[in-house]
Amino acid sequence: MCLLLAAVKGRPTEEAIRNSASGNPDGIGYAYKENGILHYEKGISVDRAVELSKTLPLGFCMHFRIATSGGVVPELIHPFPVRLDAPLTKKGKANKLLFHNGVFSEWKEVLIKHLTERITLPLGKWSDTRALALLCAIHGRHFLNLVPRGNKFAFMTPTKIHLLGEGWIEDGGVWFSNS
């Protein structure tokens with residue numbers, strides 16, 4: 001069920017990065033803030049994640065995916081820009097990003113109920129997290145409070161990483177969604 005980390009005041013160890021990737025082998029993505037802009041990339045190697053964990057400015061997030069909804073496809077690695085098109089781009093910049101640890105099995109039904117005539121469903125592959133990013137673009141970050149218990153989120157803005165959900169574990173200034 002994935003693992004995400006938020007390096008708020010400390011850096012993850014190389015062992016933590018390698019263990020996270022080993023237990024969650026379906027893709028690694030990360031994001032960081034620079035000059036008030038969020039930058040992200042998906043589909044990086046474990047070695048690159050280790051390298052980045054030592055050099056990125058603090059306040060970065062990494063996500064280690066184990067595929068649930070949507071299957072094992074590179075486009076569905078986290079994070080997702082929180083926009084109405086919830087793009088599948090591998091690398092880019094954004095004002096808001098969403099990382100998710102958990103399973104939101106009702107995502108299709110909820111997404112259909114929340115689409116309006118003004119919003120066209122973006123093309124491409126879908127997962128629960130991509131759907132949640134689009135729903136946050138419509139309703140805001142607090143929409144995530146309605147997602148069933150057991151889900152955890154890192155919602156990044158240029159000013160803060162909002163860690164949502166219960167059970168986050170702090171170790172040396174790094175927050176982990178699970179052990």
# chains A, B, ... in the order shown; residues from 1 in each chain; ligands from 1

call {"tool": "residues_around", "arguments": {"residues": "Ile17 of chain A", "least_positions_apart": "2", "cutoff": "9 Å", "atoms": "only C-alpha atoms", "output": "list in words"}}
result
Pro12, Thr13, Glu14, Glu15, Asn19, Ser20, Ala21, Ser22, Val46, Ala49, Val50, Ser53 and Phe64 of chain A

call {"tool": "write_last_selection", "arguments": {"atoms": "N, CA and C atoms", "output": "short mmCIF file (atom, residue, chain, number, x, y, z; two decimals), in the first residue's frame"}}
result
data_model
loop_
_atom_site.label_atom_id
_atom_site.label_comp_id
_atom_site.auth_asym_id
_atom_site.auth_seq_id
_atom_site.Cartn_x
_atom_site.Cartn_y
_atom_site.Cartn_z
N PRO A 12 16.03 11.48 4.84
CA PRO A 12 15.94 10.03 5.00
C PRO A 12 17.30 9.39 4.76
N THR A 13 17.53 8.28 5.42
CA THR A 13 18.79 7.56 5.21
C THR A 13 18.73 6.81 3.88
N GLU A 14 19.90 6.43 3.38
CA GLU A 14 19.94 5.62 2.17
C GLU A 14 19.21 4.31 2.40
N GLU A 15 19.36 3.73 3.58
CA GLU A 15 18.67 2.48 3.92
C GLU A 15 17.15 2.67 3.85
N ASN A 19 14.90 0.54 1.28
CA ASN A 19 13.85 -0.32 1.84
C ASN A 19 12.47 0.09 1.33
N SER A 20 12.24 1.38 1.23
CA SER A 20 10.96 1.87 0.73
C SER A 20 10.73 1.42 -0.71
N ALA A 21 11.77 1.52 -1.52
CA ALA A 21 11.67 1.11 -2.93
C ALA A 21 11.53 -0.40 -3.06
N SER A 22 12.21 -1.14 -2.22
CA SER A 22 12.16 -2.60 -2.28
C SER A 22 10.76 -3.12 -1.96
N VAL A 46 15.99 3.92 -8.11
CA VAL A 46 16.31 3.92 -6.68
C VAL A 46 17.60 4.69 -6.44
N ALA A 49 16.89 8.29 -6.51
CA ALA A 49 16.18 8.70 -5.30
C ALA A 49 17.16 8.89 -4.14
N VAL A 50 18.12 7.98 -4.02
CA VAL A 50 19.14 8.10 -2.97
C VAL A 50 19.94 9.38 -3.16
N SER A 53 17.84 12.46 -2.36
CA SER A 53 17.54 12.61 -0.93
C SER A 53 18.66 13.33 -0.20
N PHE A 64 6.77 6.03 -3.01
CA PHE A 64 7.20 4.72 -3.48
C PHE A 64 5.92 3.92 -3.70
#

call {"tool": "select_by_dssp", "arguments": {"residues": "chain A", "states": "helix (DSSP H, G or I)", "output": "compact mmCIF listing (two decimals) with C-alpha atoms, in the first residue's frame"}}
result
# COMPACT_ATOMS: atom_id res chain seq x y z
CA GLU A 14 19.94 5.62 2.17
CA GLU A 15 18.67 2.48 3.92
CA ALA A 16 15.20 4.04 4.32
CA ILE A 17 15.10 4.95 0.60
CA ARG A 18 16.23 1.49 -0.53
CA ASN A 19 13.85 -0.32 1.84
CA SER A 20 10.96 1.87 0.73
CA ALA A 21 11.67 1.11 -2.93
CA SER A 22 12.16 -2.60 -2.28
CA GLY A 23 8.78 -2.96 -0.60
CA VAL A 46 16.31 3.92 -6.68
CA ASP A 47 19.86 5.21 -7.13
CA ARG A 48 18.55 8.57 -8.30
CA ALA A 49 16.18 8.70 -5.30
CA VAL A 50 19.14 8.10 -2.97
CA GLU A 51 21.16 10.82 -4.71
CA LEU A 52 18.27 13.30 -4.60
CA SER A 53 17.54 12.61 -0.93
CA LYS A 54 20.99 13.98 -0.14
CA THR A 55 20.76 17.14 -2.25
CA PRO A 74 4.54 4.80 -15.30
CA GLU A 75 1.89 7.51 -15.82
CA LEU A 76 0.22 6.64 -12.51
CA TRP A 107 -13.03 6.72 -6.70
CA LYS A 108 -14.90 6.03 -9.94
CA GLU A 109 -18.35 6.56 -8.45
CA VAL A 110 -17.28 9.68 -6.55
CA LEU A 111 -15.58 11.17 -9.60
CA ILE A 112 -18.65 10.61 -11.78
CA LYS A 113 -20.90 12.25 -9.17
CA HIS A 114 -18.64 15.31 -8.91
CA ASP A 128 -7.72 6.68 -7.40
CA THR A 129 -4.99 9.27 -6.78
CA ARG A 130 -5.37 10.96 -10.16
CA ALA A 131 -9.12 11.15 -9.50
CA LEU A 132 -8.49 12.63 -6.05
CA ALA A 133 -6.17 15.27 -7.53
CA LEU A 134 -8.93 16.34 -9.92
CA LEU A 135 -11.51 16.35 -7.10
CA CYS A 136 -9.18 18.53 -4.99
CA ALA A 137 -8.91 20.92 -7.93
CA ILE A 138 -12.71 21.23 -7.87
CA HIS A 139 -13.36 21.20 -4.11
CA ARG A 141 -7.67 20.19 -0.16
CA HIS A 142 -10.29 19.64 2.54
CA PHE A 143 -12.13 17.25 0.22
CA LEU A 144 -9.52 14.68 1.33
CA ASN A 145 -11.04 14.71 4.83
CA LEU A 146 -14.04 12.89 3.33

call {"tool": "residues_around", "arguments": {"residues": "Thr157 of chain A", "least_positions_apart": "6", "cutoff": "12 Å", "atoms": "only C-alpha atoms", "output": "ChimeraX atom specification"}}
result
/A:31-34,36-39,59-61,81-82,93-99,141,163

call {"tool": "closest_residue", "arguments": {"among": "A:Leu56, A:Ile44, A:Ala67, A:Leu5", "to": "Phe176 of chain A", "atoms": "only C-alpha atoms"}}
result
A:Leu5

call {"tool": "closest_residue", "arguments": {"among": "A:Gly173, A:Pro158, A:Pro57, A:Pro122", "to": "Pro87 of chain A", "atoms": "only C-alpha atoms"}}
result
A:Pro122

call {"tool": "atom_distance", "arguments": {"atom1": "atom CA of Ile169 of chain A", "atom2": "atom CA of Gly27 of chain A"}}
result
21.8 Å

call {"tool": "closest_residue", "arguments": {"among": "A:Val8, A:Ile77, A:Leu3, A:Val72", "to": "Thr159 of chain A", "atoms": "only C-alpha atoms"}}
result
A:Val8

call {"tool": "select_by_dssp", "arguments": {"residues": "chain A", "states": "strand (DSSP E)", "output": "ChimeraX atom specification"}}
result
/A:3-7,28-34,37-42,60-64,80-81,91-94,97-101,152-156,161-164,169-171,174-176

call {"tool": "closest_residue", "arguments": {"among": "A:Asn101, A:Gly43, A:Asp171, A:Thr120", "to": "Gly150 of chain A", "atoms": "only C-alpha atoms"}}
result
A:Asn101

call {"tool": "residues_around", "arguments": {"residues": "Lys152 of chain A", "least_positions_apart": "6", "cutoff": "6 Å", "atoms": "only C-alpha atoms", "output": "JSON, numbers by chain"}}
result
{"A": [100, 101, 164, 165]}

call {"tool": "write_last_selection", "arguments": {"atoms": "N, CA and C atoms", "output": "tab-separated table (two decimals), in the first residue's frame"}}
result
chain	number	residue	atom	x	y	z
A	100	HIS	N	-0.42	10.12	-2.37
A	100	HIS	CA	-1.44	9.34	-1.66
A	100	HIS	C	-0.87	8.00	-1.23
A	101	ASN	N	-1.17	7.61	-0.01
A	101	ASN	CA	-0.84	6.29	0.51
A	101	ASN	C	-2.15	5.69	1.01
A	164	LEU	N	-2.01	14.69	5.77
A	164	LEU	CA	-3.38	14.38	6.15
A	164	LEU	C	-3.53	12.89	6.39
A	165	GLY	N	-4.39	12.53	7.30
A	165	GLY	CA	-4.61	11.14	7.65
A	165	GLY	C	-3.91	10.80	8.95
